[in-house]
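Peer 1: Structure file entry17.cif (mmCIF, N, CA and C atoms) is given on the next line.
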```cif
data_entry
#
loop_
_atom_site.label_atom_id
_atom_site.label_comp_id
_atom_site.auth_asym_id
_atom_site.auth_seq_id
_atom_site.Cartn_x
_atom_site.Cartn_y
_atom_site.Cartn_z
N MET V 1 -44.59 -161.40 124.99
CA MET V 1 -45.35 -160.48 124.18
C MET V 1 -46.82 -160.57 124.60
N PRO V 2 -47.44 -159.45 124.95
CA PRO V 2 -48.84 -159.49 125.39
C PRO V 2 -49.78 -159.81 124.23
N ALA V 3 -50.87 -160.49 124.55
CA ALA V 3 -51.86 -160.82 123.54
C ALA V 3 -52.69 -159.59 123.20
N LEU V 4 -53.08 -159.51 121.95
CA LEU V 4 -53.95 -158.42 121.49
C LEU V 4 -55.40 -158.83 121.69
N ALA V 5 -56.19 -157.93 122.21
CA ALA V 5 -57.63 -158.19 122.30
C ALA V 5 -58.22 -158.12 120.90
N ARG V 6 -59.30 -158.82 120.70
CA ARG V 6 -59.99 -158.82 119.40
C ARG V 6 -60.41 -157.41 119.06
N LEU V 7 -60.06 -156.98 117.84
CA LEU V 7 -60.45 -155.65 117.36
C LEU V 7 -61.77 -155.75 116.60
N PRO V 8 -62.64 -154.79 116.75
CA PRO V 8 -63.84 -154.75 115.92
C PRO V 8 -63.46 -154.45 114.46
N ASP V 9 -64.27 -154.88 113.53
CA ASP V 9 -64.04 -154.58 112.12
C ASP V 9 -63.87 -153.08 111.92
N GLY V 10 -62.88 -152.72 111.11
CA GLY V 10 -62.67 -151.32 110.76
C GLY V 10 -61.76 -150.56 111.71
N GLU V 11 -61.37 -151.18 112.82
CA GLU V 11 -60.50 -150.50 113.78
C GLU V 11 -59.05 -150.96 113.60
N ALA V 12 -58.12 -150.19 114.18
CA ALA V 12 -56.70 -150.52 114.07
C ALA V 12 -56.02 -150.26 115.41
N LYS V 13 -54.93 -150.98 115.62
CA LYS V 13 -54.13 -150.82 116.83
C LYS V 13 -52.67 -151.00 116.44
N ILE V 14 -51.79 -150.30 117.13
CA ILE V 14 -50.37 -150.38 116.83
C ILE V 14 -49.64 -151.06 117.99
N THR V 15 -48.66 -151.89 117.64
CA THR V 15 -47.80 -152.53 118.63
C THR V 15 -46.36 -152.38 118.17
N PRO V 16 -45.42 -152.60 119.08
CA PRO V 16 -44.02 -152.64 118.64
C PRO V 16 -43.81 -153.79 117.65
N GLY V 17 -42.77 -153.69 116.87
CA GLY V 17 -42.45 -154.75 115.91
C GLY V 17 -41.78 -155.95 116.54
N TYR V 18 -41.38 -155.81 117.81
CA TYR V 18 -40.68 -156.88 118.54
C TYR V 18 -39.51 -157.39 117.71
N GLN V 19 -39.50 -158.63 117.29
CA GLN V 19 -38.34 -159.18 116.58
C GLN V 19 -38.47 -159.08 115.06
N LEU V 20 -39.48 -158.42 114.58
CA LEU V 20 -39.62 -158.20 113.14
C LEU V 20 -38.70 -157.06 112.70
N PRO V 21 -38.37 -156.99 111.44
CA PRO V 21 -37.54 -155.87 110.96
C PRO V 21 -38.37 -154.60 110.72
N ALA V 22 -39.28 -154.31 111.62
CA ALA V 22 -40.12 -153.12 111.56
C ALA V 22 -40.26 -152.58 112.97
N ARG V 23 -40.30 -151.26 113.11
CA ARG V 23 -40.45 -150.69 114.45
C ARG V 23 -41.83 -150.94 115.02
N TRP V 24 -42.82 -150.91 114.15
CA TRP V 24 -44.21 -151.07 114.58
C TRP V 24 -44.93 -152.03 113.65
N VAL V 25 -46.01 -152.60 114.18
CA VAL V 25 -46.96 -153.36 113.38
C VAL V 25 -48.33 -152.77 113.67
N ILE V 26 -49.02 -152.43 112.62
CA ILE V 26 -50.39 -151.92 112.77
C ILE V 26 -51.33 -153.05 112.41
N HIS V 27 -52.18 -153.40 113.34
CA HIS V 27 -53.14 -154.49 113.17
C HIS V 27 -54.49 -153.87 112.85
N THR V 28 -55.16 -154.41 111.86
CA THR V 28 -56.50 -153.94 111.53
C THR V 28 -57.33 -155.12 111.08
N VAL V 29 -58.63 -155.00 111.24
CA VAL V 29 -59.54 -156.08 110.88
C VAL V 29 -60.51 -155.57 109.82
N GLY V 30 -60.38 -156.13 108.64
CA GLY V 30 -61.30 -155.78 107.57
C GLY V 30 -62.61 -156.52 107.71
N PRO V 31 -63.63 -156.02 107.05
CA PRO V 31 -64.94 -156.66 107.14
C PRO V 31 -65.05 -157.89 106.23
N VAL V 32 -65.89 -158.81 106.64
CA VAL V 32 -66.26 -159.93 105.78
C VAL V 32 -67.31 -159.41 104.81
N TRP V 33 -67.12 -159.66 103.52
CA TRP V 33 -68.09 -159.23 102.52
C TRP V 33 -69.36 -160.05 102.66
N GLN V 34 -70.48 -159.34 102.78
CA GLN V 34 -71.77 -160.03 102.83
C GLN V 34 -72.51 -159.78 101.52
N ASP V 35 -72.87 -158.53 101.31
CA ASP V 35 -73.58 -158.19 100.08
C ASP V 35 -73.41 -156.72 99.72
N GLY V 36 -72.60 -156.02 100.48
CA GLY V 36 -72.38 -154.59 100.24
C GLY V 36 -73.36 -153.69 100.97
N ALA V 37 -74.34 -154.28 101.61
CA ALA V 37 -75.37 -153.49 102.28
C ALA V 37 -75.18 -153.47 103.80
N HIS V 38 -74.04 -153.94 104.27
CA HIS V 38 -73.78 -154.01 105.71
C HIS V 38 -72.57 -153.15 106.10
N HIS V 39 -72.42 -152.02 105.45
CA HIS V 39 -71.37 -151.04 105.75
C HIS V 39 -69.96 -151.56 105.48
N GLU V 40 -69.84 -152.55 104.59
CA GLU V 40 -68.53 -153.12 104.32
C GLU V 40 -67.55 -152.08 103.77
N ALA V 41 -68.00 -151.25 102.85
CA ALA V 41 -67.10 -150.25 102.25
C ALA V 41 -66.61 -149.26 103.29
N GLU V 42 -67.51 -148.80 104.15
CA GLU V 42 -67.13 -147.84 105.19
C GLU V 42 -66.16 -148.46 106.19
N LEU V 43 -66.39 -149.72 106.54
CA LEU V 43 -65.50 -150.40 107.47
C LEU V 43 -64.11 -150.61 106.87
N LEU V 44 -64.07 -150.96 105.59
CA LEU V 44 -62.78 -151.15 104.93
C LEU V 44 -62.02 -149.82 104.85
N ALA V 45 -62.70 -148.77 104.48
CA ALA V 45 -62.05 -147.45 104.43
C ALA V 45 -61.52 -147.06 105.81
N SER V 46 -62.27 -147.39 106.84
CA SER V 46 -61.83 -147.09 108.21
C SER V 46 -60.53 -147.82 108.56
N CYS V 47 -60.35 -149.03 108.07
CA CYS V 47 -59.10 -149.76 108.30
C CYS V 47 -57.91 -148.94 107.81
N TYR V 48 -58.03 -148.40 106.62
CA TYR V 48 -56.94 -147.62 106.03
C TYR V 48 -56.76 -146.28 106.76
N ARG V 49 -57.87 -145.58 107.03
CA ARG V 49 -57.77 -144.29 107.72
C ARG V 49 -57.14 -144.43 109.11
N GLN V 50 -57.64 -145.38 109.88
CA GLN V 50 -57.11 -145.55 111.24
C GLN V 50 -55.65 -146.00 111.22
N SER V 51 -55.30 -146.88 110.30
CA SER V 51 -53.91 -147.33 110.21
C SER V 51 -52.99 -146.17 109.85
N LEU V 52 -53.39 -145.35 108.91
CA LEU V 52 -52.57 -144.20 108.52
C LEU V 52 -52.47 -143.18 109.64
N ALA V 53 -53.54 -142.99 110.38
CA ALA V 53 -53.49 -142.05 111.52
C ALA V 53 -52.51 -142.55 112.58
N LEU V 54 -52.51 -143.85 112.85
CA LEU V 54 -51.57 -144.42 113.81
C LEU V 54 -50.13 -144.28 113.31
N ALA V 55 -49.93 -144.53 112.03
CA ALA V 55 -48.58 -144.38 111.45
C ALA V 55 -48.11 -142.94 111.57
N ASP V 56 -49.01 -142.01 111.36
CA ASP V 56 -48.67 -140.58 111.49
C ASP V 56 -48.33 -140.24 112.93
N GLU V 57 -49.08 -140.78 113.88
CA GLU V 57 -48.84 -140.50 115.31
C GLU V 57 -47.43 -140.87 115.73
N VAL V 58 -46.91 -141.98 115.20
CA VAL V 58 -45.57 -142.42 115.60
C VAL V 58 -44.49 -141.94 114.63
N GLY V 59 -44.89 -141.21 113.60
CA GLY V 59 -43.92 -140.69 112.65
C GLY V 59 -43.33 -141.73 111.72
N ALA V 60 -44.08 -142.77 111.42
CA ALA V 60 -43.60 -143.82 110.52
C ALA V 60 -43.34 -143.24 109.13
N SER V 61 -42.20 -143.58 108.56
CA SER V 61 -41.88 -143.03 107.24
C SER V 61 -42.49 -143.85 106.12
N THR V 62 -42.77 -145.13 106.38
CA THR V 62 -43.40 -145.99 105.37
C THR V 62 -44.44 -146.87 106.04
N ILE V 63 -45.38 -147.33 105.20
CA ILE V 63 -46.39 -148.29 105.65
C ILE V 63 -46.70 -149.20 104.46
N ALA V 64 -46.96 -150.45 104.75
CA ALA V 64 -47.32 -151.40 103.71
C ALA V 64 -48.66 -152.02 104.05
N PHE V 65 -49.53 -152.06 103.06
CA PHE V 65 -50.86 -152.65 103.24
C PHE V 65 -51.01 -153.87 102.35
N PRO V 66 -51.52 -154.98 102.90
CA PRO V 66 -51.93 -156.08 102.04
C PRO V 66 -53.30 -155.72 101.44
N CYS V 67 -53.82 -156.57 100.62
CA CYS V 67 -55.16 -156.36 100.06
C CYS V 67 -56.17 -156.79 101.12
N ILE V 68 -56.52 -155.87 102.00
CA ILE V 68 -57.35 -156.17 103.17
C ILE V 68 -58.73 -156.68 102.75
N SER V 69 -59.13 -157.78 103.33
CA SER V 69 -60.46 -158.40 103.19
C SER V 69 -60.72 -159.12 101.88
N THR V 70 -59.76 -159.16 100.95
CA THR V 70 -60.05 -159.75 99.64
C THR V 70 -59.81 -161.25 99.56
N GLY V 71 -59.20 -161.83 100.58
CA GLY V 71 -58.96 -163.27 100.56
C GLY V 71 -60.20 -164.02 101.02
N VAL V 72 -60.07 -164.73 102.12
CA VAL V 72 -61.18 -165.54 102.61
C VAL V 72 -62.37 -164.69 103.05
N TYR V 73 -62.15 -163.38 103.27
CA TYR V 73 -63.26 -162.50 103.66
C TYR V 73 -64.13 -162.13 102.47
N GLY V 74 -63.68 -162.42 101.25
CA GLY V 74 -64.53 -162.33 100.07
C GLY V 74 -64.84 -160.95 99.51
N PHE V 75 -64.16 -159.91 99.97
CA PHE V 75 -64.44 -158.57 99.45
C PHE V 75 -64.04 -158.52 97.97
N PRO V 76 -64.90 -158.02 97.08
CA PRO V 76 -64.54 -157.95 95.66
C PRO V 76 -63.25 -157.16 95.46
N GLN V 77 -62.32 -157.74 94.71
CA GLN V 77 -60.98 -157.17 94.56
C GLN V 77 -60.99 -155.75 94.01
N GLN V 78 -61.71 -155.51 92.94
CA GLN V 78 -61.71 -154.19 92.32
C GLN V 78 -62.26 -153.13 93.28
N LEU V 79 -63.35 -153.44 93.94
CA LEU V 79 -63.94 -152.50 94.89
C LEU V 79 -63.00 -152.24 96.07
N ALA V 80 -62.41 -153.30 96.60
CA ALA V 80 -61.50 -153.14 97.73
C ALA V 80 -60.29 -152.29 97.35
N ALA V 81 -59.74 -152.51 96.18
CA ALA V 81 -58.59 -151.73 95.72
C ALA V 81 -58.97 -150.27 95.51
N SER V 82 -60.13 -150.03 94.94
CA SER V 82 -60.59 -148.65 94.74
C SER V 82 -60.74 -147.92 96.08
N ILE V 83 -61.32 -148.60 97.05
CA ILE V 83 -61.47 -148.02 98.38
C ILE V 83 -60.10 -147.75 98.99
N ALA V 84 -59.18 -148.70 98.87
CA ALA V 84 -57.84 -148.54 99.44
C ALA V 84 -57.13 -147.34 98.85
N VAL V 85 -57.08 -147.25 97.54
CA VAL V 85 -56.35 -146.17 96.87
C VAL V 85 -57.00 -144.82 97.17
N GLN V 86 -58.30 -144.73 97.06
CA GLN V 86 -59.00 -143.47 97.32
C GLN V 86 -58.83 -143.03 98.78
N THR V 87 -58.98 -143.95 99.71
CA THR V 87 -58.87 -143.61 101.13
C THR V 87 -57.46 -143.18 101.49
N VAL V 88 -56.47 -143.89 100.98
CA VAL V 88 -55.08 -143.53 101.26
C VAL V 88 -54.78 -142.14 100.69
N ARG V 89 -55.19 -141.89 99.47
CA ARG V 89 -54.94 -140.57 98.87
C ARG V 89 -55.59 -139.46 99.70
N GLN V 90 -56.84 -139.64 100.08
CA GLN V 90 -57.55 -138.63 100.86
C GLN V 90 -56.91 -138.45 102.24
N SER V 91 -56.55 -139.55 102.88
CA SER V 91 -55.99 -139.48 104.22
C SER V 91 -54.64 -138.79 104.24
N LEU V 92 -53.84 -139.01 103.24
CA LEU V 92 -52.49 -138.44 103.21
C LEU V 92 -52.49 -136.95 102.91
N GLU V 93 -53.60 -136.42 102.41
CA GLU V 93 -53.67 -134.98 102.13
C GLU V 93 -53.43 -134.15 103.38
N GLY V 94 -53.83 -134.64 104.54
CA GLY V 94 -53.72 -133.86 105.75
C GLY V 94 -52.60 -134.28 106.68
N GLN V 95 -51.72 -135.18 106.24
CA GLN V 95 -50.65 -135.63 107.13
C GLN V 95 -49.30 -135.61 106.40
N SER V 96 -48.25 -135.48 107.20
CA SER V 96 -46.92 -135.46 106.62
C SER V 96 -46.26 -136.84 106.58
N THR V 97 -46.72 -137.74 107.41
CA THR V 97 -46.19 -139.10 107.41
C THR V 97 -47.34 -140.09 107.33
N PRO V 98 -47.15 -141.24 106.80
CA PRO V 98 -45.92 -141.74 106.21
C PRO V 98 -45.68 -141.14 104.82
N GLY V 99 -44.41 -141.08 104.44
CA GLY V 99 -44.04 -140.53 103.15
C GLY V 99 -44.20 -141.53 102.01
N LYS V 100 -44.17 -142.82 102.34
CA LYS V 100 -44.33 -143.87 101.33
C LYS V 100 -45.38 -144.86 101.79
N VAL V 101 -46.24 -145.25 100.85
CA VAL V 101 -47.25 -146.27 101.11
C VAL V 101 -47.07 -147.35 100.06
N TYR V 102 -46.97 -148.59 100.52
CA TYR V 102 -46.86 -149.74 99.63
C TYR V 102 -48.15 -150.54 99.69
N PHE V 103 -48.63 -150.94 98.53
CA PHE V 103 -49.74 -151.89 98.45
C PHE V 103 -49.12 -153.23 98.07
N VAL V 104 -49.22 -154.20 98.96
CA VAL V 104 -48.60 -155.50 98.76
C VAL V 104 -49.64 -156.44 98.16
N CYS V 105 -49.39 -156.86 96.95
CA CYS V 105 -50.35 -157.71 96.23
C CYS V 105 -49.83 -159.14 96.16
N PHE V 106 -50.73 -160.08 96.29
CA PHE V 106 -50.34 -161.48 96.30
C PHE V 106 -50.78 -162.22 95.04
N SER V 107 -51.36 -161.50 94.09
CA SER V 107 -51.72 -162.12 92.82
C SER V 107 -51.46 -161.12 91.70
N GLN V 108 -51.27 -161.63 90.52
CA GLN V 108 -51.07 -160.75 89.37
C GLN V 108 -52.33 -159.93 89.11
N GLU V 109 -53.48 -160.52 89.34
CA GLU V 109 -54.75 -159.80 89.15
C GLU V 109 -54.82 -158.57 90.06
N ASP V 110 -54.47 -158.75 91.34
CA ASP V 110 -54.45 -157.62 92.27
C ASP V 110 -53.44 -156.57 91.82
N THR V 111 -52.27 -157.01 91.42
CA THR V 111 -51.23 -156.08 90.96
C THR V 111 -51.73 -155.26 89.79
N ASP V 112 -52.37 -155.90 88.84
CA ASP V 112 -52.89 -155.18 87.66
C ASP V 112 -53.96 -154.16 88.06
N ILE V 113 -54.83 -154.53 88.97
CA ILE V 113 -55.88 -153.62 89.44
C ILE V 113 -55.25 -152.39 90.10
N TYR V 114 -54.32 -152.60 91.00
CA TYR V 114 -53.68 -151.47 91.70
C TYR V 114 -52.89 -150.60 90.72
N ARG V 115 -52.19 -151.20 89.78
CA ARG V 115 -51.44 -150.39 88.80
C ARG V 115 -52.37 -149.48 88.02
N ARG V 116 -53.51 -150.03 87.57
CA ARG V 116 -54.47 -149.20 86.83
C ARG V 116 -54.99 -148.05 87.68
N LEU V 117 -55.35 -148.36 88.93
CA LEU V 117 -55.89 -147.33 89.81
C LEU V 117 -54.86 -146.26 90.15
N LEU V 118 -53.63 -146.66 90.37
CA LEU V 118 -52.59 -145.70 90.75
C LEU V 118 -52.14 -144.85 89.57
N ARG V 119 -52.31 -145.35 88.37
CA ARG V 119 -51.97 -144.55 87.17
C ARG V 119 -53.04 -143.51 86.86
N SER V 120 -54.27 -143.80 87.24
CA SER V 120 -55.38 -142.88 86.91
C SER V 120 -55.43 -141.76 87.94
N ASP V 121 -54.90 -140.65 87.57
CA ASP V 121 -54.90 -139.47 88.47
C ASP V 121 -55.77 -138.39 87.93
#
```
What does this structure look like when you write it as structure tokens?
Peer 2:
Amino acid sequence: MPALARLPDGEAKITPGYQLPARWVIHTVGPVWQDGAHHEAELLASCYRQSLALADEVGASTIAFPCISTGVYGFPQQLAASIAVQTVRQSLEGQSTPGKVYFVCFSQEDTDIYRRLLRSD
């Protein structure tokens, strides 16, 4: 399996799933939270937009996103979730695939935040 070159923050790249139970893996690098004045929100939104565009290019029917940048990168959970939900909704307006998007949460707090955001239409 070839090594992936380091991606700049906010960019995404797609590779085959190799031995995973997925056809593709989309790799993206979220920004490290500094103070909100270093384009962190724009870079995080770009992660979602570029990943969805790649999924659309290959006709992926589903995509799953973790809570990008909210762990050791320190991005505030509520802000990151708001950016994720808003960006995904806007991006999907102009594409037919993927048909399903999953937000994979690793804490109850994240789950509660995403549920509130996804209910508010």
Peer 1: Quick one: residues within 6.5 Å of region 8-16 of chain V, only N, CA and C atoms counted, chain neighbours fewer than 5 positions away excluded, as an MDAnalysis selection string?
Peer 2: chainID V and resid 22:31 42:44 46:47 50:51
Peer 1: Could you list the residues chosen by the PyMOL selection byres ((chain V and resi 76-83) around 7) in this structure as number ranges by chain?
Peer 2: V: 33, 44-45, 68-70, 73-75, 84-88, 110, 113-114, 117
Peer 1: Given the choices V:Ala55, V:Val32, V:Ala37, V:Cys105, which gets closest to Val72 (chain V) if the distance is worked out from all atoms listed in the file?
Peer 2: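 Closest residue, counting all atoms listed in the file: V:Val32.
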Peer 1: So how many Å separate CA of Thr97 (chain V) and CA of Ala60 (chain V), to one decimal?
Peer 2: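 Distance between the two atoms: 6.2 Å.
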Peer 1: To one decimal place in Å, what is the distance between atom N of His38 (chain V) and atom N of Asp112 (chain V)?
Peer 2: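 Computing it gives 26.7 Å between the two atoms.
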Peer 1: Got a sec to tell me which of region 6-112 of chain V DSSP assigns to strand (DSSP E), as a list in words?
Peer 2: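 Result set for region 6-112 of chain V (strand (DSSP E)): Ala12, Lys13, Ile14, Thr15, Pro16, Trp24, Val25, Ile26, His27, Thr28, Thr62, Ile63, Ala64, Phe65, Pro66, Lys100, Val101, Tyr102, Phe103 and Val104 of chain V.
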Peer 1: Exactly which residues make up the result of the PyMOL selection byres (((chain V and resi 66 and name CA) around 9) and name CA) on this file, given as a CSV table (one decimal) with N, CA and C atoms, in the coordinates of the input?
Peer 2:
```csv
chain,number,residue,atom,x,y,z
V,64,ALA,N,-47.0,-150.4,104.8
V,64,ALA,CA,-47.3,-151.4,103.7
V,64,ALA,C,-48.7,-152.0,104.0
V,65,PHE,N,-49.5,-152.1,103.1
V,65,PHE,CA,-50.9,-152.6,103.2
V,65,PHE,C,-51.0,-153.9,102.4
V,67,CYS,N,-53.8,-156.6,100.6
V,67,CYS,CA,-55.2,-156.4,100.1
V,67,CYS,C,-56.2,-156.8,101.1
V,68,ILE,N,-56.5,-155.9,102.0
V,68,ILE,CA,-57.4,-156.2,103.2
V,68,ILE,C,-58.7,-156.7,102.8
V,69,SER,N,-59.1,-157.8,103.3
V,69,SER,CA,-60.5,-158.4,103.2
V,69,SER,C,-60.7,-159.1,101.9
V,102,TYR,N,-47.0,-148.6,100.5
V,102,TYR,CA,-46.9,-149.7,99.6
V,102,TYR,C,-48.2,-150.5,99.7
V,103,PHE,N,-48.6,-150.9,98.5
V,103,PHE,CA,-49.7,-151.9,98.4
V,103,PHE,C,-49.1,-153.2,98.1
V,104,VAL,N,-49.2,-154.2,99.0
V,104,VAL,CA,-48.6,-155.5,98.8
V,104,VAL,C,-49.6,-156.4,98.2
V,105,CYS,N,-49.4,-156.9,97.0
V,105,CYS,CA,-50.4,-157.7,96.2
V,105,CYS,C,-49.8,-159.1,96.2
V,106,PHE,N,-50.7,-160.1,96.3
V,106,PHE,CA,-50.3,-161.5,96.3
V,106,PHE,C,-50.8,-162.2,95.0
```
Peer 1: Is it possible to get the axis-aligned box enclosing region 98-101 of chain V (all listed atoms, 4 Å extra per side) as AutoDock Vina command-line options, with centre and edge lengths in Å rounded to one decimal?
Peer 2:
```
--center_x -45.6 --center_y -143.9 --center_z 103.4 --size_x 11.2 --size_y 14.8 --size_z 14.7
```
Peer 1: To one decimal place in Å, what is the distance between CA of Glu40 (chain V) and atom N of Ser61 (chain V)?
Peer 2: 28.3 Å
Peer 1: From the options V:Tyr18, V:Val101, V:Gln90, V:Ser120, which residue's atoms come nearest to Ile63 (chain V), counting all atoms listed in the file?
Peer 2: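 Checking each of V:Tyr18, V:Val101, V:Gln90, V:Ser120 against Ile63 (chain V), counting all atoms listed in the file, the winner is V:Val101.
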Peer 1: Rank nothing, just name the residue among V:Gln19, V:Gly59, V:Arg116, V:Gly71 nearest to Ser96 (chain V), using all atoms listed in the file.
Peer 2: V:Gly59
Peer 1: How would region 7-81 of chain V of the given structure read as a file with C-alpha atoms, as a PDB file, in the first residue's frame?
Peer 2:
```
ATOM      1  CA  LEU V   7      -2.168  16.781   3.418  1.00  0.00           C
ATOM      2  CA  PRO V   8      -2.496  20.462   4.256  1.00  0.00           C
ATOM      3  CA  ASP V   9      -5.228  21.377   6.740  1.00  0.00           C
ATOM      4  CA  GLY V  10      -8.644  21.521   5.108  1.00  0.00           C
ATOM      5  CA  GLU V  11      -7.785  19.292   2.149  1.00  0.00           C
ATOM      6  CA  ALA V  12      -8.964  15.750   1.392  1.00  0.00           C
ATOM      7  CA  LYS V  13      -7.760  12.795  -0.643  1.00  0.00           C
ATOM      8  CA  ILE V  14      -9.411   9.506  -1.522  1.00  0.00           C
ATOM      9  CA  THR V  15      -7.791   6.065  -1.580  1.00  0.00           C
ATOM     10  CA  PRO V  16      -9.119   2.555  -2.081  1.00  0.00           C
ATOM     11  CA  GLY V  17     -10.386   0.847   1.058  1.00  0.00           C
ATOM     12  CA  TYR V  18      -7.891  -1.999   0.538  1.00  0.00           C
ATOM     13  CA  GLN V  19      -8.780  -4.625   3.167  1.00  0.00           C
ATOM     14  CA  LEU V  20     -11.351  -2.498   4.994  1.00  0.00           C
ATOM     15  CA  PRO V  21     -15.056  -3.191   4.485  1.00  0.00           C
ATOM     16  CA  ALA V  22     -15.324   0.053   2.484  1.00  0.00           C
ATOM     17  CA  ARG V  23     -14.586   0.712  -1.177  1.00  0.00           C
ATOM     18  CA  TRP V  24     -12.875   4.003  -0.423  1.00  0.00           C
ATOM     19  CA  VAL V  25     -11.350   5.922   2.452  1.00  0.00           C
ATOM     20  CA  ILE V  26     -11.384   9.690   2.341  1.00  0.00           C
ATOM     21  CA  HIS V  27      -8.552  11.220   4.323  1.00  0.00           C
ATOM     22  CA  THR V  28      -8.816  14.790   5.552  1.00  0.00           C
ATOM     23  CA  VAL V  29      -6.879  16.932   7.989  1.00  0.00           C
ATOM     24  CA  GLY V  30      -8.771  19.230  10.276  1.00  0.00           C
ATOM     25  CA  PRO V  31      -7.207  22.338  11.753  1.00  0.00           C
ATOM     26  CA  VAL V  32      -5.746  22.615  15.222  1.00  0.00           C
ATOM     27  CA  TRP V  33      -7.812  25.120  17.205  1.00  0.00           C
ATOM     28  CA  GLN V  34      -5.757  28.155  18.119  1.00  0.00           C
ATOM     29  CA  ASP V  35      -8.151  30.958  18.938  1.00  0.00           C
ATOM     30  CA  GLY V  36     -10.624  31.111  16.058  1.00  0.00           C
ATOM     31  CA  ALA V  37      -8.718  33.893  14.327  1.00  0.00           C
ATOM     32  CA  HIS V  38      -6.551  31.639  12.136  1.00  0.00           C
ATOM     33  CA  HIS V  39      -9.178  30.484   9.613  1.00  0.00           C
ATOM     34  CA  GLU V  40     -10.003  27.385  11.652  1.00  0.00           C
ATOM     35  CA  ALA V  41     -13.722  27.469  10.784  1.00  0.00           C
ATOM     36  CA  GLU V  42     -13.048  27.832   7.052  1.00  0.00           C
ATOM     37  CA  LEU V  43     -10.496  25.023   7.103  1.00  0.00           C
ATOM     38  CA  LEU V  44     -12.864  22.709   8.960  1.00  0.00           C
ATOM     39  CA  ALA V  45     -15.695  23.449   6.525  1.00  0.00           C
ATOM     40  CA  SER V  46     -13.293  22.708   3.673  1.00  0.00           C
ATOM     41  CA  CYS V  47     -12.646  19.237   5.123  1.00  0.00           C
ATOM     42  CA  TYR V  48     -16.340  18.418   4.796  1.00  0.00           C
ATOM     43  CA  ARG V  49     -16.809  20.071   1.380  1.00  0.00           C
ATOM     44  CA  GLN V  50     -13.791  18.400  -0.195  1.00  0.00           C
ATOM     45  CA  SER V  51     -14.648  15.008   1.305  1.00  0.00           C
ATOM     46  CA  LEU V  52     -18.212  15.195   0.001  1.00  0.00           C
ATOM     47  CA  ALA V  53     -17.013  16.275  -3.444  1.00  0.00           C
ATOM     48  CA  LEU V  54     -14.676  13.265  -3.589  1.00  0.00           C
ATOM     49  CA  ALA V  55     -17.480  10.956  -2.459  1.00  0.00           C
ATOM     50  CA  ASP V  56     -19.689  12.384  -5.203  1.00  0.00           C
ATOM     51  CA  GLU V  57     -16.951  11.900  -7.828  1.00  0.00           C
ATOM     52  CA  VAL V  58     -16.804   8.165  -7.135  1.00  0.00           C
ATOM     53  CA  GLY V  59     -20.550   7.782  -6.625  1.00  0.00           C
ATOM     54  CA  ALA V  60     -20.318   6.744  -2.977  1.00  0.00           C
ATOM     55  CA  SER V  61     -23.762   6.025  -1.578  1.00  0.00           C
ATOM     56  CA  THR V  62     -22.775   6.696   2.046  1.00  0.00           C
ATOM     57  CA  ILE V  63     -20.101   8.567   3.956  1.00  0.00           C
ATOM     58  CA  ALA V  64     -19.291   8.648   7.655  1.00  0.00           C
ATOM     59  CA  PHE V  65     -17.573  11.536   9.395  1.00  0.00           C
ATOM     60  CA  PRO V  66     -15.988  11.508  12.841  1.00  0.00           C
ATOM     61  CA  CYS V  67     -16.048  14.713  14.873  1.00  0.00           C
ATOM     62  CA  ILE V  68     -13.137  16.243  12.954  1.00  0.00           C
ATOM     63  CA  SER V  69     -10.638  18.295  15.009  1.00  0.00           C
ATOM     64  CA  THR V  70     -12.517  18.068  18.329  1.00  0.00           C
ATOM     65  CA  GLY V  71     -10.165  15.647  20.071  1.00  0.00           C
ATOM     66  CA  VAL V  72      -6.536  16.511  20.645  1.00  0.00           C
ATOM     67  CA  TYR V  73      -6.830  19.318  18.059  1.00  0.00           C
ATOM     68  CA  GLY V  74      -9.025  21.175  20.558  1.00  0.00           C
ATOM     69  CA  PHE V  75     -11.742  22.551  18.262  1.00  0.00           C
ATOM     70  CA  PRO V  76     -14.776  23.529  20.403  1.00  0.00           C
ATOM     71  CA  GLN V  77     -17.340  20.737  20.053  1.00  0.00           C
ATOM     72  CA  GLN V  78     -20.448  22.866  19.540  1.00  0.00           C
ATOM     73  CA  LEU V  79     -18.796  25.061  16.914  1.00  0.00           C
ATOM     74  CA  ALA V  80     -17.289  22.087  15.082  1.00  0.00           C
ATOM     75  CA  ALA V  81     -20.632  20.273  14.996  1.00  0.00           C
TER      76      ALA V  81
END
```
